[in-house]
Structures are given as C-alpha cells and as structure tokens.
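Participant: I am sharing run-v6.pdb, which consists of PDB, C-alpha atoms and all ligand atoms:
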```pdb
MODEL        1
ATOM      1  CA  MET A   1     -55.617 -70.206 260.913  1.00  0.00           C
ATOM      2  CA  ILE A   2     -56.383 -73.415 259.023  1.00  0.00           C
ATOM      3  CA  ALA A   3     -58.714 -76.088 260.378  1.00  0.00           C
ATOM      4  CA  ASP A   4     -59.423 -79.160 258.248  1.00  0.00           C
ATOM      5  CA  ASN A   5     -58.152 -77.226 255.247  1.00  0.00           C
ATOM      6  CA  ILE A   6     -60.958 -74.660 255.408  1.00  0.00           C
ATOM      7  CA  CYS A   7     -60.242 -71.130 256.580  1.00  0.00           C
ATOM      8  CA  PRO A   8     -61.946 -70.732 260.008  1.00  0.00           C
ATOM      9  CA  LEU A   9     -63.076 -67.247 258.945  1.00  0.00           C
ATOM     10  CA  SER A  10     -64.944 -68.869 256.059  1.00  0.00           C
ATOM     11  CA  LEU A  11     -66.653 -71.136 258.568  1.00  0.00           C
ATOM     12  CA  GLY A  12     -67.581 -68.124 260.686  1.00  0.00           C
ATOM     13  CA  GLU A  13     -65.666 -69.281 263.765  1.00  0.00           C
ATOM     14  CA  HIS A  14     -64.974 -65.669 264.669  1.00  0.00           C
ATOM     15  CA  LEU A  15     -68.739 -65.097 264.936  1.00  0.00           C
ATOM     16  CA  SER A  16     -69.136 -67.739 267.645  1.00  0.00           C
ATOM     17  CA  GLU A  17     -70.027 -66.852 271.206  1.00  0.00           C
ATOM     18  CA  GLU A  18     -66.743 -68.342 272.390  1.00  0.00           C
ATOM     19  CA  PHE A  19     -64.640 -66.144 270.099  1.00  0.00           C
ATOM     20  CA  GLY A  20     -66.762 -63.120 271.061  1.00  0.00           C
ATOM     21  CA  LYS A  21     -65.515 -63.508 274.625  1.00  0.00           C
ATOM     22  CA  VAL A  22     -61.946 -62.971 273.398  1.00  0.00           C
ATOM     23  CA  ASN A  23     -62.762 -60.264 270.876  1.00  0.00           C
ATOM     24  CA  PRO A  24     -66.279 -58.810 270.918  1.00  0.00           C
ATOM     25  CA  LEU A  25     -65.345 -57.008 267.676  1.00  0.00           C
ATOM     26  CA  ARG A  26     -65.319 -60.530 266.146  1.00  0.00           C
ATOM     27  CA  LYS A  27     -62.264 -59.998 264.013  1.00  0.00           C
ATOM     28  CA  VAL A  28     -58.872 -61.658 263.870  1.00  0.00           C
ATOM     29  CA  PRO A  29     -56.271 -61.244 265.123  1.00  0.00           C
ATOM     30  CA  ALA A  30     -57.237 -61.399 268.762  1.00  0.00           C
ATOM     31  CA  LEU A  31     -55.047 -61.821 271.814  1.00  0.00           C
ATOM     32  CA  LYS A  32     -55.611 -63.683 275.074  1.00  0.00           C
ATOM     33  CA  ASP A  33     -52.961 -63.247 277.733  1.00  0.00           C
ATOM     34  CA  GLY A  34     -54.210 -64.939 280.882  1.00  0.00           C
ATOM     35  CA  ASP A  35     -57.502 -63.228 281.686  1.00  0.00           C
ATOM     36  CA  PHE A  36     -56.697 -60.262 279.493  1.00  0.00           C
ATOM     37  CA  THR A  37     -58.162 -60.231 275.983  1.00  0.00           C
ATOM     38  CA  MET A  38     -58.069 -57.713 273.155  1.00  0.00           C
ATOM     39  CA  GLY A  39     -58.476 -57.161 269.412  1.00  0.00           C
ATOM     40  CA  GLU A  40     -57.013 -54.776 266.795  1.00  0.00           C
ATOM     41  CA  SER A  41     -53.758 -55.872 265.185  1.00  0.00           C
ATOM     42  CA  ASN A  42     -51.734 -52.688 265.710  1.00  0.00           C
ATOM     43  CA  ALA A  43     -52.767 -52.377 269.349  1.00  0.00           C
ATOM     44  CA  ILE A  44     -51.861 -56.054 269.829  1.00  0.00           C
ATOM     45  CA  LEU A  45     -48.400 -55.419 268.341  1.00  0.00           C
ATOM     46  CA  LEU A  46     -47.853 -52.542 270.776  1.00  0.00           C
ATOM     47  CA  TYR A  47     -49.054 -54.668 273.695  1.00  0.00           C
ATOM     48  CA  LEU A  48     -46.557 -57.404 272.772  1.00  0.00           C
ATOM     49  CA  ILE A  49     -43.733 -54.880 272.343  1.00  0.00           C
ATOM     50  CA  ARG A  50     -44.390 -53.440 275.798  1.00  0.00           C
ATOM     51  CA  LYS A  51     -44.947 -56.768 277.478  1.00  0.00           C
ATOM     52  CA  PHE A  52     -41.810 -58.425 276.094  1.00  0.00           C
ATOM     53  CA  LYS A  53     -39.660 -55.258 276.045  1.00  0.00           C
ATOM     54  CA  THR A  54     -38.528 -56.036 272.509  1.00  0.00           C
ATOM     55  CA  PRO A  55     -35.418 -54.434 270.961  1.00  0.00           C
ATOM     56  CA  ASP A  56     -35.845 -50.693 270.595  1.00  0.00           C
ATOM     57  CA  HIS A  57     -35.870 -50.588 266.788  1.00  0.00           C
ATOM     58  CA  TRP A  58     -39.302 -52.270 266.558  1.00  0.00           C
ATOM     59  CA  TYR A  59     -40.957 -49.218 268.164  1.00  0.00           C
ATOM     60  CA  PRO A  60     -38.161 -46.706 268.836  1.00  0.00           C
ATOM     61  CA  SER A  61     -38.101 -44.817 272.130  1.00  0.00           C
ATOM     62  CA  ASP A  62     -36.641 -41.796 270.310  1.00  0.00           C
ATOM     63  CA  LEU A  63     -39.474 -39.245 270.106  1.00  0.00           C
ATOM     64  CA  GLN A  64     -39.221 -38.489 266.414  1.00  0.00           C
ATOM     65  CA  LYS A  65     -38.437 -42.002 265.220  1.00  0.00           C
ATOM     66  CA  ARG A  66     -41.471 -43.250 267.158  1.00  0.00           C
ATOM     67  CA  ALA A  67     -43.547 -40.466 265.665  1.00  0.00           C
ATOM     68  CA  ARG A  68     -42.561 -41.715 262.194  1.00  0.00           C
ATOM     69  CA  VAL A  69     -43.764 -45.226 263.064  1.00  0.00           C
ATOM     70  CA  ASP A  70     -47.022 -43.786 264.440  1.00  0.00           C
ATOM     71  CA  GLU A  71     -47.401 -41.669 261.321  1.00  0.00           C
ATOM     72  CA  TYR A  72     -47.061 -44.703 259.063  1.00  0.00           C
ATOM     73  CA  LEU A  73     -49.461 -46.792 261.179  1.00  0.00           C
ATOM     74  CA  ALA A  74     -52.074 -44.019 261.128  1.00  0.00           C
ATOM     75  CA  TRP A  75     -51.839 -43.747 257.331  1.00  0.00           C
ATOM     76  CA  HIS A  76     -51.891 -47.512 256.978  1.00  0.00           C
ATOM     77  CA  VAL A  77     -55.088 -47.916 259.002  1.00  0.00           C
ATOM     78  CA  THR A  78     -56.951 -45.116 257.261  1.00  0.00           C
ATOM     79  CA  THR A  79     -55.676 -45.602 253.697  1.00  0.00           C
ATOM     80  CA  ALA A  80     -53.593 -48.685 252.918  1.00  0.00           C
ATOM     81  CA  ARG A  81     -55.695 -51.243 254.820  1.00  0.00           C
ATOM     82  CA  PRO A  82     -59.052 -50.198 253.316  1.00  0.00           C
ATOM     83  CA  GLY A  83     -57.500 -50.178 249.833  1.00  0.00           C
ATOM     84  CA  THR A  84     -55.851 -53.582 250.133  1.00  0.00           C
ATOM     85  CA  SER A  85     -59.022 -55.009 251.723  1.00  0.00           C
ATOM     86  CA  LYS A  86     -61.087 -53.700 248.825  1.00  0.00           C
ATOM     87  CA  LEU A  87     -58.834 -55.404 246.278  1.00  0.00           C
ATOM     88  CA  PHE A  88     -58.861 -58.615 248.311  1.00  0.00           C
ATOM     89  CA  TRP A  89     -62.640 -58.763 248.549  1.00  0.00           C
ATOM     90  CA  LEU A  90     -63.359 -57.751 244.968  1.00  0.00           C
ATOM     91  CA  LYS A  91     -60.689 -59.765 243.181  1.00  0.00           C
ATOM     92  CA  ALA A  92     -59.830 -62.706 245.428  1.00  0.00           C
ATOM     93  CA  MET A  93     -63.057 -63.347 247.374  1.00  0.00           C
ATOM     94  CA  THR A  94     -65.762 -62.552 244.801  1.00  0.00           C
ATOM     95  CA  PRO A  95     -65.398 -65.773 242.753  1.00  0.00           C
ATOM     96  CA  TYR A  96     -65.654 -67.901 245.903  1.00  0.00           C
ATOM     97  CA  VAL A  97     -68.741 -66.048 247.135  1.00  0.00           C
ATOM     98  CA  THR A  98     -70.684 -65.386 243.918  1.00  0.00           C
ATOM     99  CA  GLY A  99     -69.204 -67.931 241.517  1.00  0.00           C
ATOM    100  CA  HIS A 100     -68.085 -65.259 239.053  1.00  0.00           C
ATOM    101  CA  GLU A 101     -65.490 -62.501 238.681  1.00  0.00           C
ATOM    102  CA  VAL A 102     -66.165 -58.909 239.635  1.00  0.00           C
ATOM    103  CA  THR A 103     -66.884 -56.491 236.739  1.00  0.00           C
ATOM    104  CA  PRO A 104     -63.808 -54.908 235.069  1.00  0.00           C
ATOM    105  CA  GLU A 105     -64.989 -51.397 236.114  1.00  0.00           C
ATOM    106  CA  LYS A 106     -65.048 -52.297 239.788  1.00  0.00           C
ATOM    107  CA  LEU A 107     -61.794 -54.179 239.543  1.00  0.00           C
ATOM    108  CA  ASN A 108     -60.038 -51.314 237.767  1.00  0.00           C
ATOM    109  CA  ALA A 109     -61.090 -48.865 240.457  1.00  0.00           C
ATOM    110  CA  ALA A 110     -59.662 -51.175 243.149  1.00  0.00           C
ATOM    111  CA  LEU A 111     -56.447 -51.695 241.151  1.00  0.00           C
ATOM    112  CA  CYS A 112     -55.959 -47.936 240.719  1.00  0.00           C
ATOM    113  CA  GLU A 113     -56.408 -47.422 244.448  1.00  0.00           C
ATOM    114  CA  PHE A 114     -53.891 -50.175 245.157  1.00  0.00           C
ATOM    115  CA  LYS A 115     -51.389 -48.644 242.735  1.00  0.00           C
ATOM    116  CA  THR A 116     -51.630 -45.321 244.555  1.00  0.00           C
ATOM    117  CA  ILE A 117     -51.038 -47.112 247.872  1.00  0.00           C
ATOM    118  CA  SER A 118     -47.962 -48.979 246.579  1.00  0.00           C
ATOM    119  CA  THR A 119     -46.534 -45.809 245.018  1.00  0.00           C
ATOM    120  CA  THR A 120     -47.058 -43.925 248.280  1.00  0.00           C
ATOM    121  CA  ILE A 121     -45.336 -46.623 250.334  1.00  0.00           C
ATOM    122  CA  GLN A 122     -42.391 -46.667 247.943  1.00  0.00           C
ATOM    123  CA  ASP A 123     -41.976 -42.977 247.135  1.00  0.00           C
ATOM    124  CA  VAL A 124     -43.308 -41.186 250.215  1.00  0.00           C
ATOM    125  CA  PHE A 125     -42.493 -43.537 253.081  1.00  0.00           C
ATOM    126  CA  LEU A 126     -39.588 -45.727 251.923  1.00  0.00           C
ATOM    127  CA  GLN A 127     -37.805 -43.345 249.564  1.00  0.00           C
ATOM    128  CA  ASP A 128     -34.135 -44.446 249.501  1.00  0.00           C
ATOM    129  CA  LYS A 129     -33.954 -45.737 253.069  1.00  0.00           C
ATOM    130  CA  PRO A 130     -33.517 -49.428 253.921  1.00  0.00           C
ATOM    131  CA  PHE A 131     -36.749 -49.467 255.979  1.00  0.00           C
ATOM    132  CA  LEU A 132     -39.864 -47.304 256.158  1.00  0.00           C
ATOM    133  CA  VAL A 133     -38.712 -45.138 259.056  1.00  0.00           C
ATOM    134  CA  GLY A 134     -34.942 -45.310 258.683  1.00  0.00           C
ATOM    135  CA  ASP A 135     -32.006 -47.671 258.893  1.00  0.00           C
ATOM    136  CA  GLU A 136     -33.674 -50.262 261.089  1.00  0.00           C
ATOM    137  CA  VAL A 137     -36.741 -52.444 260.770  1.00  0.00           C
ATOM    138  CA  SER A 138     -39.816 -51.436 262.786  1.00  0.00           C
ATOM    139  CA  ILE A 139     -43.414 -52.566 263.151  1.00  0.00           C
ATOM    140  CA  ALA A 140     -44.292 -50.123 260.356  1.00  0.00           C
ATOM    141  CA  ASP A 141     -42.448 -52.421 257.912  1.00  0.00           C
ATOM    142  CA  VAL A 142     -44.142 -55.548 259.258  1.00  0.00           C
ATOM    143  CA  VAL A 143     -47.621 -54.016 259.046  1.00  0.00           C
ATOM    144  CA  ALA A 144     -47.009 -52.667 255.525  1.00  0.00           C
ATOM    145  CA  LEU A 145     -45.532 -55.884 254.159  1.00  0.00           C
ATOM    146  CA  ALA A 146     -48.254 -58.056 255.700  1.00  0.00           C
ATOM    147  CA  ASP A 147     -50.924 -56.209 253.729  1.00  0.00           C
ATOM    148  CA  ILE A 148     -49.324 -55.397 250.386  1.00  0.00           C
ATOM    149  CA  GLY A 149     -47.551 -58.767 250.315  1.00  0.00           C
ATOM    150  CA  GLN A 150     -50.895 -60.561 250.485  1.00  0.00           C
ATOM    151  CA  THR A 151     -52.138 -59.218 247.176  1.00  0.00           C
ATOM    152  CA  PHE A 152     -50.648 -62.220 245.374  1.00  0.00           C
ATOM    153  CA  VAL A 153     -53.942 -63.953 246.220  1.00  0.00           C
ATOM    154  CA  SER A 154     -55.509 -61.437 243.835  1.00  0.00           C
ATOM    155  CA  GLY A 155     -53.093 -62.560 241.118  1.00  0.00           C
ATOM    156  CA  LEU A 156     -50.918 -59.475 241.526  1.00  0.00           C
ATOM    157  CA  ASP A 157     -47.165 -59.274 241.917  1.00  0.00           C
ATOM    158  CA  VAL A 158     -46.752 -55.775 243.256  1.00  0.00           C
ATOM    159  CA  PHE A 159     -43.022 -56.327 243.693  1.00  0.00           C
ATOM    160  CA  GLU A 160     -42.560 -56.820 239.951  1.00  0.00           C
ATOM    161  CA  ASP A 161     -43.628 -53.231 239.282  1.00  0.00           C
ATOM    162  CA  TYR A 162     -41.898 -51.713 242.316  1.00  0.00           C
ATOM    163  CA  PRO A 163     -38.227 -52.774 242.433  1.00  0.00           C
ATOM    164  CA  LYS A 164     -37.457 -50.698 245.518  1.00  0.00           C
ATOM    165  CA  LEU A 165     -40.307 -52.413 247.345  1.00  0.00           C
ATOM    166  CA  ALA A 166     -38.987 -55.792 246.173  1.00  0.00           C
ATOM    167  CA  ALA A 167     -35.568 -55.106 247.748  1.00  0.00           C
ATOM    168  CA  TRP A 168     -37.263 -53.746 250.905  1.00  0.00           C
ATOM    169  CA  LYS A 169     -39.438 -56.874 251.165  1.00  0.00           C
ATOM    170  CA  GLN A 170     -36.304 -59.017 251.186  1.00  0.00           C
ATOM    171  CA  ARG A 171     -34.713 -56.865 253.902  1.00  0.00           C
ATOM    172  CA  VAL A 172     -37.850 -57.033 256.068  1.00  0.00           C
ATOM    173  CA  LYS A 173     -38.089 -60.809 255.662  1.00  0.00           C
ATOM    174  CA  GLU A 174     -34.471 -61.209 256.677  1.00  0.00           C
ATOM    175  CA  ALA A 175     -34.885 -58.874 259.664  1.00  0.00           C
ATOM    176  CA  VAL A 176     -37.991 -60.720 260.870  1.00  0.00           C
ATOM    177  CA  GLY A 177     -36.633 -64.166 259.983  1.00  0.00           C
ATOM    178  CA  VAL A 178     -37.365 -65.920 256.692  1.00  0.00           C
ATOM    179  CA  GLU A 179     -38.813 -69.038 258.368  1.00  0.00           C
ATOM    180  CA  LEU A 180     -41.008 -66.999 260.711  1.00  0.00           C
ATOM    181  CA  CYS A 181     -42.364 -64.998 257.763  1.00  0.00           C
ATOM    182  CA  LYS A 182     -43.136 -68.211 255.927  1.00  0.00           C
ATOM    183  CA  GLU A 183     -44.969 -69.599 258.942  1.00  0.00           C
ATOM    184  CA  ALA A 184     -46.935 -66.365 259.429  1.00  0.00           C
ATOM    185  CA  HIS A 185     -48.047 -66.384 255.798  1.00  0.00           C
ATOM    186  CA  GLU A 186     -48.971 -70.063 255.643  1.00  0.00           C
ATOM    187  CA  GLY A 187     -52.698 -69.351 256.005  1.00  0.00           C
ATOM    188  CA  ILE A 188     -52.835 -66.832 253.189  1.00  0.00           C
ATOM    189  CA  ALA A 189     -50.427 -68.856 251.020  1.00  0.00           C
ATOM    190  CA  ASN A 190     -53.036 -71.627 250.985  1.00  0.00           C
ATOM    191  CA  PHE A 191     -55.865 -69.204 250.243  1.00  0.00           C
ATOM    192  CA  ARG A 192     -57.237 -70.943 247.148  1.00  0.00           C
ATOM    193  CA  GLU A 193     -57.330 -74.315 248.841  1.00  0.00           C
ATOM    194  CA  THR A 194     -58.877 -73.080 252.087  1.00  0.00           C
ATOM    195  CA  HIS A 195     -61.644 -71.008 250.471  1.00  0.00           C
ATOM    196  CA  LYS A 196     -63.059 -73.668 248.157  1.00  0.00           C
ATOM    197  CA  GLN A 197     -65.952 -74.614 250.397  1.00  0.00           C
ATOM    198  CA  ILE A 198     -67.597 -71.587 251.946  1.00  0.00           C
ATOM    199  CA  PRO A 199     -70.906 -72.596 253.602  1.00  0.00           C
ATOM    200  CA  PRO A 200     -74.023 -70.925 252.064  1.00  0.00           C
ATOM    201  CA  GLU A 201     -74.860 -68.938 255.230  1.00  0.00           C
ATOM    202  CA  MET A 202     -71.351 -67.464 255.220  1.00  0.00           C
ATOM    203  CA  LYS A 203     -71.624 -66.662 251.499  1.00  0.00           C
ATOM    204  CA  GLU A 204     -74.681 -64.617 252.379  1.00  0.00           C
ATOM    205  CA  LYS A 205     -72.747 -62.686 255.022  1.00  0.00           C
ATOM    206  CA  PHE A 206     -69.805 -62.175 252.659  1.00  0.00           C
ATOM    207  CA  GLN A 207     -72.160 -60.873 249.976  1.00  0.00           C
ATOM    208  CA  ALA A 208     -72.847 -57.847 252.181  1.00  0.00           C
ATOM    209  CA  ARG A 209     -69.106 -57.261 252.462  1.00  0.00           C
ATOM    210  CA  LEU A 210     -68.735 -57.392 248.665  1.00  0.00           C
ATOM    211  CA  GLU A 211     -71.509 -54.839 248.312  1.00  0.00           C
ATOM    212  CA  TYR A 212     -69.763 -52.592 250.819  1.00  0.00           C
ATOM    213  CA  PHE A 213     -66.494 -52.709 248.845  1.00  0.00           C
ATOM    214  CA  SER A 214     -68.335 -52.263 245.525  1.00  0.00           C
ATOM    215  CA  ARG A 215     -69.734 -48.849 246.466  1.00  0.00           C
TER     216      ARG A 215
HETATM  217  N1  LIG B 301     -58.899 -53.313 262.330  1.00  0.00           N
HETATM  218  C1  LIG B 301     -58.779 -54.722 262.520  1.00  0.00           C
HETATM  219  C2  LIG B 301     -59.241 -55.423 261.245  1.00  0.00           C
HETATM  220  C3  LIG B 301     -59.241 -56.914 261.432  1.00  0.00           C
HETATM  221  C4  LIG B 301     -59.899 -57.639 260.262  1.00  0.00           C
HETATM  222  O1  LIG B 301     -60.649 -57.070 259.466  1.00  0.00           O
HETATM  223  N2  LIG B 301     -59.613 -58.928 260.199  1.00  0.00           N
HETATM  224  C5  LIG B 301     -60.221 -59.760 259.183  1.00  0.00           C
HETATM  225  C6  LIG B 301     -59.261 -60.839 258.765  1.00  0.00           C
HETATM  226  S1  LIG B 301     -57.759 -60.182 258.169  1.00  0.00           S
HETATM  227  C7  LIG B 301     -61.430 -60.439 259.783  1.00  0.00           C
HETATM  228  O2  LIG B 301     -61.453 -60.763 260.951  1.00  0.00           O
HETATM  229  N3  LIG B 301     -62.439 -60.674 258.951  1.00  0.00           N
HETATM  230  C8  LIG B 301     -63.619 -61.359 259.345  1.00  0.00           C
HETATM  231  C9  LIG B 301     -64.820 -60.506 259.189  1.00  0.00           C
HETATM  232  O3  LIG B 301     -64.676 -59.314 258.906  1.00  0.00           O
HETATM  233  O4  LIG B 301     -65.931 -61.043 259.360  1.00  0.00           O
HETATM  234  C10 LIG B 301     -57.346 -55.107 262.883  1.00  0.00           C
HETATM  235  O5  LIG B 301     -56.427 -54.451 262.408  1.00  0.00           O
HETATM  236  O6  LIG B 301     -57.156 -56.057 263.649  1.00  0.00           O
ENDMDL
END
```
Output the structure of this file as structure tokens.

Facilitator:
Amino acid sequence: MIADNICPLSLGEHLSEEFGKVNPLRKVPALKDGDFTMGESNAILLYLIRKFKTPDHWYPSDLQKRARVDEYLAWHVTTARPGTSKLFWLKAMTPYVTGHEVTPEKLNAALCEFKTISTTIQDVFLQDKPFLVGDEVSIADVVALADIGQTFVSGLDVFEDYPKLAAWKQRVKEAVGVELCKEAHEGIANFRETHKQIPPEMKEKFQARLEYFSR
C-alpha cells in the first residue's frame, strides 16, 4: 500500500494502464491469481475462502448461518460502506485536497449517518452475541471492522461511544490474529504521513469525489 511514504492511490497508480489489466474497475483491492484477475473486496474474500477451503466459520456452510453473513454483507455494501466512505472523504481527505476543513453542516450530516451505521451494527447485527452472526467469527466481522475501525483517521473513536463494539473489536482482532490485523492496517495507520503530498492532477480528480460526497 505504501510506496516511498506516499499512498499509491494518491499518486493515481490504480489509474495506470498496468493496474487496469488487473482490475479494469481501477479500484483496490484487486487480486491476481496466475492469469486470473478480479476486483471487488467481498467477491475477492469469497474467492479466497473457496480456493483455500478455509475453516467453515469464516463463511458457514449451514444454510441459515451463511444467509446471515450474506445479509450483513449486502447491508454493508449498500449502507455502511457508502456512509463510512462519505465520512472519510469529507473529514479525512478534504484538508489534503482543498487545504481546508469541510463545512460543519456537511460534516454533521456525515457524522449523523455514521452514528446510525454504528448503532445498527451494534444493536441490530451484533446484539449480545460474540460476533455479528453468532458464536464464531466470520467474514462479516472482518468486513465490518475494516470499515468502521478506519474512522480514526477522521479523528473519531467510535469504540469509545459503543462499548459492545469495543469488546467485539477485541474479539475479532484476536480471532484474526493481532499481528495480522496490525499489518493489514499499516497503510491506513500511516494515513496522515502518506497523504501529505498529493500531486495537483490527483487533487483535481479527488475534488470530483468530494463534490459527489457533498451532495
Ligand atoms: N466496491 C469496491 C470499492 C473499492 C474502493 O472504493 N476502493 C478504494 C480504496 S479503499 C479505491 O480504490 N479508491 C480509489 C478511487 O476510487 O479512485 C470494493 O469493495 O472493492
């Protein structure tokens, strides 16, 4: 994720012709397995699960347990991801792109949306279970934690306001492996450092993204 201490996305590496051959959607993550290439994070997770025949709990073979994972993933893609992306772009990215903070009105709208997302994850999906779909960790937990856990780059500690989510986060980290989690989050952990020098042509592209999330 990090090349010469600048985020490759900020340099537009994903827009290159070379990257387009791996993922014509020009987004990360992307997967290359021999001659086979694909994009879309959730589809990549499922590919890896099937290819490596991972332990059942990650994507249970039980019809209804699997349906619960699918249900969470569907909600995540349509609701949680757009909401967390909006907060990320408006709060974390805006200063690096425009040189100033987003207006309080726009920020408040994004924060309200994020609060609804966190409340839904805690009260509707997690409830009093150890993990989102039951007693064992699944890819639903990994996908959820990856997105809501990243909001610290927006100066937010969601886990402070949601104690059940804080305890869940710890369980997910332990189930995945604390060191592995740390490694996976290295790129985002260094966000401030790696976004200091966004080239002007990329700032222009990012401006359009900010306008999209400001609607
Ligand atoms: N639906 C895609 C979204 C991927 C996505 O938006 N990735 C971001 C980074 S987290 C990206 O590539 N941004 C670069 C851009 O949009 O130009 C997935 O789940 O893989």

Participant: Considering only C-alpha atoms and all ligand atoms, can you say which of A:Leu107, A:Ala146, A:Ile117, A:Val172 comes closest to ligand LIG 301 (chain B)?

Facilitator: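 The shortest atom-to-atom distance to ligand LIG 301 (chain B) comes from A:Ala146.
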
Participant: Between atom C2 of ligand LIG 301 (chain B) and CA of Pro82 (chain A), what is the distance, to one decimal in Å?

Facilitator: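 According to the coordinates, atom C2 of ligand LIG 301 (chain B) and CA of Pro82 (chain A) are separated by 9.5 Å.
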
Participant: Evaluate the PyMOL selection byres (((not hetatm)) within 9 of (chain B and resi 301)) and record the selected residues as a PDB file with C-alpha atoms, keeping the file's coordinate frame, following the chain and residue labels used in the document.

Facilitator:
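As written to disk, result_9.pdb reads:
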```
ATOM      1  CA  LEU A   9     -63.076 -67.247 258.945  1.00  0.00           C
ATOM      2  CA  SER A  10     -64.944 -68.869 256.059  1.00  0.00           C
ATOM      3  CA  GLY A  12     -67.581 -68.124 260.686  1.00  0.00           C
ATOM      4  CA  HIS A  14     -64.974 -65.669 264.669  1.00  0.00           C
ATOM      5  CA  LEU A  15     -68.739 -65.097 264.936  1.00  0.00           C
ATOM      6  CA  LEU A  25     -65.345 -57.008 267.676  1.00  0.00           C
ATOM      7  CA  ARG A  26     -65.319 -60.530 266.146  1.00  0.00           C
ATOM      8  CA  LYS A  27     -62.264 -59.998 264.013  1.00  0.00           C
ATOM      9  CA  VAL A  28     -58.872 -61.658 263.870  1.00  0.00           C
ATOM     10  CA  PRO A  29     -56.271 -61.244 265.123  1.00  0.00           C
ATOM     11  CA  ALA A  30     -57.237 -61.399 268.762  1.00  0.00           C
ATOM     12  CA  GLY A  39     -58.476 -57.161 269.412  1.00  0.00           C
ATOM     13  CA  GLU A  40     -57.013 -54.776 266.795  1.00  0.00           C
ATOM     14  CA  SER A  41     -53.758 -55.872 265.185  1.00  0.00           C
ATOM     15  CA  ASN A  42     -51.734 -52.688 265.710  1.00  0.00           C
ATOM     16  CA  ALA A  43     -52.767 -52.377 269.349  1.00  0.00           C
ATOM     17  CA  ILE A  44     -51.861 -56.054 269.829  1.00  0.00           C
ATOM     18  CA  VAL A  77     -55.088 -47.916 259.002  1.00  0.00           C
ATOM     19  CA  ARG A  81     -55.695 -51.243 254.820  1.00  0.00           C
ATOM     20  CA  SER A  85     -59.022 -55.009 251.723  1.00  0.00           C
ATOM     21  CA  LYS A 205     -72.747 -62.686 255.022  1.00  0.00           C
ATOM     22  CA  PHE A 206     -69.805 -62.175 252.659  1.00  0.00           C
ATOM     23  CA  ARG A 209     -69.106 -57.261 252.462  1.00  0.00           C
TER      24      ARG A 209
END
```

Participant: Quick one: pull the distance between CA of Asp33 (chain A) and CA of Leu48 (chain A), Å, one decimal.

Facilitator: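 For CA of Asp33 (chain A) relative to CA of Leu48 (chain A), the distance reads 10.0 Å.
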
Participant: The PyMOL selection byres (((chain A and resi 46) around 12) and not hetatm) on the file shown: which residues, as a PDB file with C-alpha atoms, in the coordinates of the input?

Facilitator:
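So the final result, stored in result-v3.pdb, reads:
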```pdb
ATOM      1  CA  LEU A  31     -55.047 -61.821 271.814  1.00  0.00           C
ATOM      2  CA  MET A  38     -58.069 -57.713 273.155  1.00  0.00           C
ATOM      3  CA  GLY A  39     -58.476 -57.161 269.412  1.00  0.00           C
ATOM      4  CA  GLU A  40     -57.013 -54.776 266.795  1.00  0.00           C
ATOM      5  CA  SER A  41     -53.758 -55.872 265.185  1.00  0.00           C
ATOM      6  CA  ASN A  42     -51.734 -52.688 265.710  1.00  0.00           C
ATOM      7  CA  ALA A  43     -52.767 -52.377 269.349  1.00  0.00           C
ATOM      8  CA  ILE A  44     -51.861 -56.054 269.829  1.00  0.00           C
ATOM      9  CA  LEU A  45     -48.400 -55.419 268.341  1.00  0.00           C
ATOM     10  CA  TYR A  47     -49.054 -54.668 273.695  1.00  0.00           C
ATOM     11  CA  LEU A  48     -46.557 -57.404 272.772  1.00  0.00           C
ATOM     12  CA  ILE A  49     -43.733 -54.880 272.343  1.00  0.00           C
ATOM     13  CA  ARG A  50     -44.390 -53.440 275.798  1.00  0.00           C
ATOM     14  CA  LYS A  51     -44.947 -56.768 277.478  1.00  0.00           C
ATOM     15  CA  PHE A  52     -41.810 -58.425 276.094  1.00  0.00           C
ATOM     16  CA  LYS A  53     -39.660 -55.258 276.045  1.00  0.00           C
ATOM     17  CA  THR A  54     -38.528 -56.036 272.509  1.00  0.00           C
ATOM     18  CA  TRP A  58     -39.302 -52.270 266.558  1.00  0.00           C
ATOM     19  CA  TYR A  59     -40.957 -49.218 268.164  1.00  0.00           C
ATOM     20  CA  PRO A  60     -38.161 -46.706 268.836  1.00  0.00           C
ATOM     21  CA  ARG A  66     -41.471 -43.250 267.158  1.00  0.00           C
ATOM     22  CA  VAL A  69     -43.764 -45.226 263.064  1.00  0.00           C
ATOM     23  CA  ASP A  70     -47.022 -43.786 264.440  1.00  0.00           C
ATOM     24  CA  LEU A  73     -49.461 -46.792 261.179  1.00  0.00           C
ATOM     25  CA  SER A 138     -39.816 -51.436 262.786  1.00  0.00           C
ATOM     26  CA  ILE A 139     -43.414 -52.566 263.151  1.00  0.00           C
ATOM     27  CA  ALA A 140     -44.292 -50.123 260.356  1.00  0.00           C
ATOM     28  CA  VAL A 143     -47.621 -54.016 259.046  1.00  0.00           C
TER      29      VAL A 143
END
```

Participant: For Ser154 (chain A), which residue out of A:Asp123, A:Glu101, A:Glu204, A:Glu183 is the nearest one, using only C-alpha atoms?

Facilitator: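 Of the candidates, the smallest distance to Ser154 (chain A) is held by A:Glu101.
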
Participant: Restricting the calculation to all atoms listed in the file: of A:Gly34, A:Asp56, A:Ala109, A:Thr84, which residue gets closest to Val22 (chain A)?

Facilitator: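 Among the listed residues, the smallest separation from Val22 (chain A) belongs to A:Gly34.
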